[in-house]
Amino acid sequence: MRLLLLSDTHLPKRAKALPPQLLEDLPRADVVVHAGDWVDTATLDLLEARAQRLIGVYGNNDGPELRARLPEVAYAELDGVRLGVVHETGPAQGRERRCAERFPDLDVLVFGHSHIPWDSLADERLRLLNPGSPTDRRRQPYCTYMTAEVRGGRLAAVDLHRLPRAT
């Protein structure tokens, strides 16, 4: 099972549209995961229409329309992998401990907010993934998103995709 992970799209404030590379990758994903800060409902509508399955949450910059359609925290079981999605996890220092305590029954937690890619293991069991942002690199060298593979009841591969700089 192939996952496409993204967060912090902030459309149309940070960019006018999702990057072409990400849109080309959408049909290859069995599940698309968005960890909040969509900002517009058009991006939610687009991903709902194009994704085989969409799991998403709202973020701190998402208004009432998105909050009415999305949960603050989402959970799913994907071929034996217990996945959670949330926008904010707090500061980087202490993140692994906080998340392991808050989400004791998960195998993978996808989060956003910082726009900084993150891949770590908490408590030797919980994989923490932040795909960064495909539209707003902030202090990072590239805009990013992630893909992952679920095989045999476990997360088998995670890849960070750097997007070309806008010209």
# chains A, B, ... in the order shown; residues from 1 in each chain; ligands from 1
$ select_by_dssp --residues "segment 6-65 of chain A" --states "helix (DSSP H, G or I)" --output "list in words"
Pro20, Gln21, Leu22, Leu23, Glu24, Asp25, Leu26, Pro27, Arg28, Thr41, Ala42, Thr43, Leu44, Asp45, Leu46, Leu47, Glu48, Ala49, Arg50, Pro64 and Glu65 of chain A
$ atom_distance --atom1 "atom CA of Asp45 of chain A" --atom2 "atom CA of Leu18 of chain A"
12.8 Å
$ closest_residue --among "A:Ala17, A:Leu4, A:Cys99, A:Ala92" --to "Ile116 of chain A" --atoms "only C-alpha atoms"
A:Ala92
$ residues_around --residues "segment 35-41 of chain A" --least-positions-apart "6" --cutoff "9 Å" --atoms "only C-alpha atoms" --output "VMD selection string"
chain A and resid 5 to 13 55 to 63 65 to 66 72 85 to 88 110 to 113 130 to 131
$ write_last_selection --atoms "N, CA, C and O atoms" --output "short mmCIF file (atom, residue, chain, number, x, y, z; two decimals), in the first residue's frame"
data_model
loop_
_atom_site.label_atom_id
_atom_site.label_comp_id
_atom_site.auth_asym_id
_atom_site.auth_seq_id
_atom_site.Cartn_x
_atom_site.Cartn_y
_atom_site.Cartn_z
N LEU A 5 2.04 11.62 1.80
CA LEU A 5 1.89 12.43 3.01
C LEU A 5 2.21 13.89 2.70
O LEU A 5 3.28 14.18 2.14
N LEU A 6 1.31 14.79 3.09
CA LEU A 6 1.58 16.21 2.93
C LEU A 6 0.93 16.99 4.05
O LEU A 6 0.09 16.47 4.79
N SER A 7 1.34 18.23 4.19
CA SER A 7 0.81 19.10 5.23
C SER A 7 1.07 20.54 4.84
O SER A 7 1.85 20.82 3.94
N ASP A 8 0.41 21.44 5.52
CA ASP A 8 0.70 22.87 5.42
C ASP A 8 0.73 23.37 3.98
O ASP A 8 1.68 24.02 3.56
N THR A 9 -0.35 23.12 3.26
CA THR A 9 -0.43 23.58 1.88
C THR A 9 -0.72 25.08 1.80
O THR A 9 -0.29 25.74 0.87
N HIS A 10 -1.47 25.62 2.74
CA HIS A 10 -1.69 27.07 2.84
C HIS A 10 -2.11 27.71 1.52
O HIS A 10 -1.64 28.80 1.18
N LEU A 11 -2.97 27.03 0.77
CA LEU A 11 -3.42 27.59 -0.51
C LEU A 11 -4.64 28.48 -0.31
O LEU A 11 -5.50 28.16 0.50
N PRO A 12 -4.75 29.57 -1.02
CA PRO A 12 -3.83 30.11 -2.02
C PRO A 12 -2.86 31.16 -1.46
O PRO A 12 -2.30 31.94 -2.21
N LYS A 13 -2.65 31.17 -0.15
CA LYS A 13 -1.80 32.19 0.45
C LYS A 13 -0.32 31.99 0.16
O LYS A 13 0.40 32.95 -0.11
N ILE A 55 -7.22 10.87 4.15
CA ILE A 55 -7.29 11.02 5.61
C ILE A 55 -6.70 12.39 5.92
O ILE A 55 -5.55 12.67 5.57
N GLY A 56 -7.50 13.25 6.53
CA GLY A 56 -7.02 14.60 6.79
C GLY A 56 -7.54 15.14 8.11
O GLY A 56 -8.52 14.63 8.67
N VAL A 57 -6.86 16.17 8.59
CA VAL A 57 -7.24 16.87 9.81
C VAL A 57 -7.15 18.37 9.54
O VAL A 57 -6.54 18.80 8.57
N TYR A 58 -7.75 19.16 10.43
CA TYR A 58 -7.61 20.61 10.29
C TYR A 58 -6.42 21.08 11.12
O TYR A 58 -5.99 20.42 12.06
N GLY A 59 -5.89 22.24 10.72
CA GLY A 59 -4.77 22.84 11.42
C GLY A 59 -5.16 24.18 12.03
O GLY A 59 -6.30 24.63 11.89
N ASN A 60 -4.22 24.81 12.67
CA ASN A 60 -4.50 26.06 13.38
C ASN A 60 -4.88 27.21 12.45
O ASN A 60 -5.51 28.16 12.87
N ASN A 61 -4.53 27.14 11.16
CA ASN A 61 -4.89 28.20 10.21
C ASN A 61 -6.17 27.89 9.43
O ASN A 61 -6.52 28.64 8.52
N ASP A 62 -6.84 26.80 9.75
CA ASP A 62 -8.04 26.40 9.03
C ASP A 62 -9.28 26.95 9.72
O ASP A 62 -9.45 26.82 10.94
N GLY A 63 -10.14 27.55 8.91
CA GLY A 63 -11.34 28.20 9.43
C GLY A 63 -12.50 27.25 9.63
O GLY A 63 -12.38 26.03 9.52
N GLU A 65 -15.18 26.41 7.94
CA GLU A 65 -15.63 25.48 6.89
C GLU A 65 -14.82 24.20 6.90
O GLU A 65 -15.37 23.10 6.78
N LEU A 66 -13.50 24.32 7.03
CA LEU A 66 -12.64 23.13 7.07
C LEU A 66 -12.83 22.37 8.38
O LEU A 66 -12.87 21.14 8.39
N GLU A 72 -9.94 17.08 14.33
CA GLU A 72 -8.66 17.58 14.86
C GLU A 72 -7.61 16.48 14.84
O GLU A 72 -6.43 16.73 14.59
N VAL A 85 -3.17 10.99 12.67
CA VAL A 85 -2.82 12.24 12.02
C VAL A 85 -3.27 13.38 12.92
O VAL A 85 -4.40 13.38 13.41
N VAL A 86 -2.37 14.35 13.14
CA VAL A 86 -2.68 15.52 13.95
C VAL A 86 -1.85 16.67 13.37
O VAL A 86 -0.80 16.43 12.76
N HIS A 87 -2.30 17.89 13.55
CA HIS A 87 -1.52 19.00 13.00
C HIS A 87 -0.33 19.37 13.88
O HIS A 87 0.79 19.41 13.43
N GLU A 88 -0.59 19.65 15.15
CA GLU A 88 0.46 20.15 16.03
C GLU A 88 0.88 19.12 17.07
O GLU A 88 0.05 18.43 17.63
N VAL A 110 1.47 11.02 11.78
CA VAL A 110 1.81 12.04 10.80
C VAL A 110 1.36 13.38 11.36
O VAL A 110 0.23 13.51 11.82
N PHE A 111 2.26 14.37 11.33
CA PHE A 111 1.92 15.69 11.86
C PHE A 111 2.48 16.76 10.95
O PHE A 111 3.23 16.49 10.02
N GLY A 112 2.12 18.00 11.21
CA GLY A 112 2.58 19.13 10.40
C GLY A 112 2.99 20.30 11.27
O GLY A 112 3.67 20.14 12.27
N HIS A 113 2.55 21.48 10.88
CA HIS A 113 2.69 22.74 11.59
C HIS A 113 4.03 23.44 11.39
O HIS A 113 4.06 24.62 11.09
N ASN A 130 6.76 14.08 9.71
CA ASN A 130 6.27 15.36 9.24
C ASN A 130 6.78 15.52 7.82
O ASN A 130 7.99 15.56 7.59
N PRO A 131 5.85 15.62 6.84
CA PRO A 131 6.28 15.71 5.45
C PRO A 131 6.77 17.09 5.04
O PRO A 131 7.17 17.28 3.89
#
$ residues_around --residues "segment 157-167 of chain A" --least-positions-apart "4" --cutoff "7 Å" --atoms "only C-alpha atoms" --output "list in words"
Tyr142, Cys143, Thr144, Tyr145, Met146, Thr147, Ala148 and Glu149 of chain A
$ write_last_selection --atoms "all heavy atoms" --output "PDB file, in the first residue's frame"
ATOM      1  N   TYR A 142      14.106  23.370   0.699  1.00  0.00           N
ATOM      2  CA  TYR A 142      13.158  22.920  -0.316  1.00  0.00           C
ATOM      3  C   TYR A 142      11.758  22.788   0.267  1.00  0.00           C
ATOM      4  O   TYR A 142      11.595  22.518   1.451  1.00  0.00           O
ATOM      5  CB  TYR A 142      13.544  21.523  -0.859  1.00  0.00           C
ATOM      6  CG  TYR A 142      14.868  21.484  -1.552  1.00  0.00           C
ATOM      7  CD1 TYR A 142      16.019  21.125  -0.860  1.00  0.00           C
ATOM      8  CD2 TYR A 142      14.976  21.795  -2.904  1.00  0.00           C
ATOM      9  CE1 TYR A 142      17.253  21.084  -1.501  1.00  0.00           C
ATOM     10  CE2 TYR A 142      16.201  21.753  -3.548  1.00  0.00           C
ATOM     11  CZ  TYR A 142      17.330  21.406  -2.839  1.00  0.00           C
ATOM     12  OH  TYR A 142      18.537  21.376  -3.475  1.00  0.00           O
ATOM     13  N   CYS A 143      10.772  22.909  -0.607  1.00  0.00           N
ATOM     14  CA  CYS A 143       9.425  22.454  -0.279  1.00  0.00           C
ATOM     15  C   CYS A 143       9.443  20.936  -0.405  1.00  0.00           C
ATOM     16  O   CYS A 143      10.187  20.385  -1.233  1.00  0.00           O
ATOM     17  CB  CYS A 143       8.410  23.051  -1.243  1.00  0.00           C
ATOM     18  SG  CYS A 143       8.149  24.820  -1.035  1.00  0.00           S
ATOM     19  N   THR A 144       8.645  20.248   0.403  1.00  0.00           N
ATOM     20  CA  THR A 144       8.724  18.787   0.441  1.00  0.00           C
ATOM     21  C   THR A 144       7.357  18.135   0.659  1.00  0.00           C
ATOM     22  O   THR A 144       6.400  18.775   1.103  1.00  0.00           O
ATOM     23  CB  THR A 144       9.651  18.319   1.583  1.00  0.00           C
ATOM     24  OG1 THR A 144       9.160  18.843   2.817  1.00  0.00           O
ATOM     25  CG2 THR A 144      11.089  18.770   1.363  1.00  0.00           C
ATOM     26  N   TYR A 145       7.308  16.843   0.378  1.00  0.00           N
ATOM     27  CA  TYR A 145       6.240  15.937   0.790  1.00  0.00           C
ATOM     28  C   TYR A 145       6.875  14.563   0.928  1.00  0.00           C
ATOM     29  O   TYR A 145       8.046  14.377   0.596  1.00  0.00           O
ATOM     30  CB  TYR A 145       5.061  15.949  -0.196  1.00  0.00           C
ATOM     31  CG  TYR A 145       5.323  15.323  -1.545  1.00  0.00           C
ATOM     32  CD1 TYR A 145       4.910  14.017  -1.820  1.00  0.00           C
ATOM     33  CD2 TYR A 145       5.965  16.033  -2.559  1.00  0.00           C
ATOM     34  CE1 TYR A 145       5.138  13.446  -3.064  1.00  0.00           C
ATOM     35  CE2 TYR A 145       6.196  15.458  -3.796  1.00  0.00           C
ATOM     36  CZ  TYR A 145       5.778  14.177  -4.047  1.00  0.00           C
ATOM     37  OH  TYR A 145       5.993  13.601  -5.271  1.00  0.00           O
ATOM     38  N   MET A 146       6.136  13.598   1.450  1.00  0.00           N
ATOM     39  CA  MET A 146       6.660  12.249   1.653  1.00  0.00           C
ATOM     40  C   MET A 146       5.775  11.218   0.975  1.00  0.00           C
ATOM     41  O   MET A 146       4.573  11.436   0.807  1.00  0.00           O
ATOM     42  CB  MET A 146       6.720  11.888   3.146  1.00  0.00           C
ATOM     43  CG  MET A 146       7.774  12.578   3.935  1.00  0.00           C
ATOM     44  SD  MET A 146       7.674  12.102   5.701  1.00  0.00           S
ATOM     45  CE  MET A 146       9.218  12.789   6.285  1.00  0.00           C
ATOM     46  N   THR A 147       6.395  10.099   0.639  1.00  0.00           N
ATOM     47  CA  THR A 147       5.640   8.897   0.292  1.00  0.00           C
ATOM     48  C   THR A 147       6.132   7.795   1.224  1.00  0.00           C
ATOM     49  O   THR A 147       7.253   7.861   1.743  1.00  0.00           O
ATOM     50  CB  THR A 147       5.835   8.479  -1.182  1.00  0.00           C
ATOM     51  OG1 THR A 147       7.220   8.330  -1.456  1.00  0.00           O
ATOM     52  CG2 THR A 147       5.199   9.484  -2.130  1.00  0.00           C
ATOM     53  N   ALA A 148       5.282   6.812   1.432  1.00  0.00           N
ATOM     54  CA  ALA A 148       5.625   5.693   2.310  1.00  0.00           C
ATOM     55  C   ALA A 148       4.962   4.438   1.785  1.00  0.00           C
ATOM     56  O   ALA A 148       3.951   4.502   1.081  1.00  0.00           O
ATOM     57  CB  ALA A 148       5.176   5.983   3.741  1.00  0.00           C
ATOM     58  N   GLU A 149       5.534   3.312   2.141  1.00  0.00           N
ATOM     59  CA  GLU A 149       4.980   2.004   1.769  1.00  0.00           C
ATOM     60  C   GLU A 149       4.606   1.241   3.030  1.00  0.00           C
ATOM     61  O   GLU A 149       5.388   1.208   3.988  1.00  0.00           O
ATOM     62  CB  GLU A 149       6.010   1.181   0.986  1.00  0.00           C
ATOM     63  CG  GLU A 149       6.366   1.750  -0.366  1.00  0.00           C
ATOM     64  CD  GLU A 149       5.277   1.561  -1.406  1.00  0.00           C
ATOM     65  OE1 GLU A 149       4.486   0.600  -1.284  1.00  0.00           O
ATOM     66  OE2 GLU A 149       5.226   2.376  -2.340  1.00  0.00           O
TER      67      GLU A 149
END
$ closest_residue --among "A:Gly80, A:Leu44, A:Pro20, A:Ser133" --to "Val108 of chain A" --atoms "only C-alpha atoms"
A:Gly80
$ residues_around --residues "Pro104 of chain A" --least-positions-apart "6" --cutoff "10 Å" --atoms "only C-alpha atoms" --output "VMD selection string"
chain A and resid 123 125 to 126
$ closest_residue --among "A:Arg28, A:Arg97, A:His34, A:Lys16" --to "Ala74 of chain A" --atoms "only C-alpha atoms"
A:His34
$ select_by_dssp --residues "segment 7-157 of chain A" --states "strand (DSSP E or B)" --output "ChimeraX atom specification"
/A:31-34,54-56,73-78,81-86,108-110,118-122,126-130,144-151,154-157
$ atom_distance --atom1 "atom CA of Gly132 of chain A" --atom2 "atom CA of Asp25 of chain A"
16.3 Å
$ residues_around --residues "Asp79 of chain A" --least-positions-apart "6" --cutoff "12 Å" --atoms "only C-alpha atoms" --output "list in words"
Met1, Arg2, Leu3, Asp30, Val31, Asp107, Glu149, Val150, Arg151, Gly152, Gly153, Arg154, Leu155 and Ala156 of chain A
$ atom_distance --atom1 "atom CA of Arg69 of chain A" --atom2 "atom CA of Leu26 of chain A"
21.1 Å
$ closest_residue --among "A:Ala42, A:Pro117, A:Ala49, A:Phe103" --to "Val73 of chain A" --atoms "only C-alpha atoms"
A:Phe103
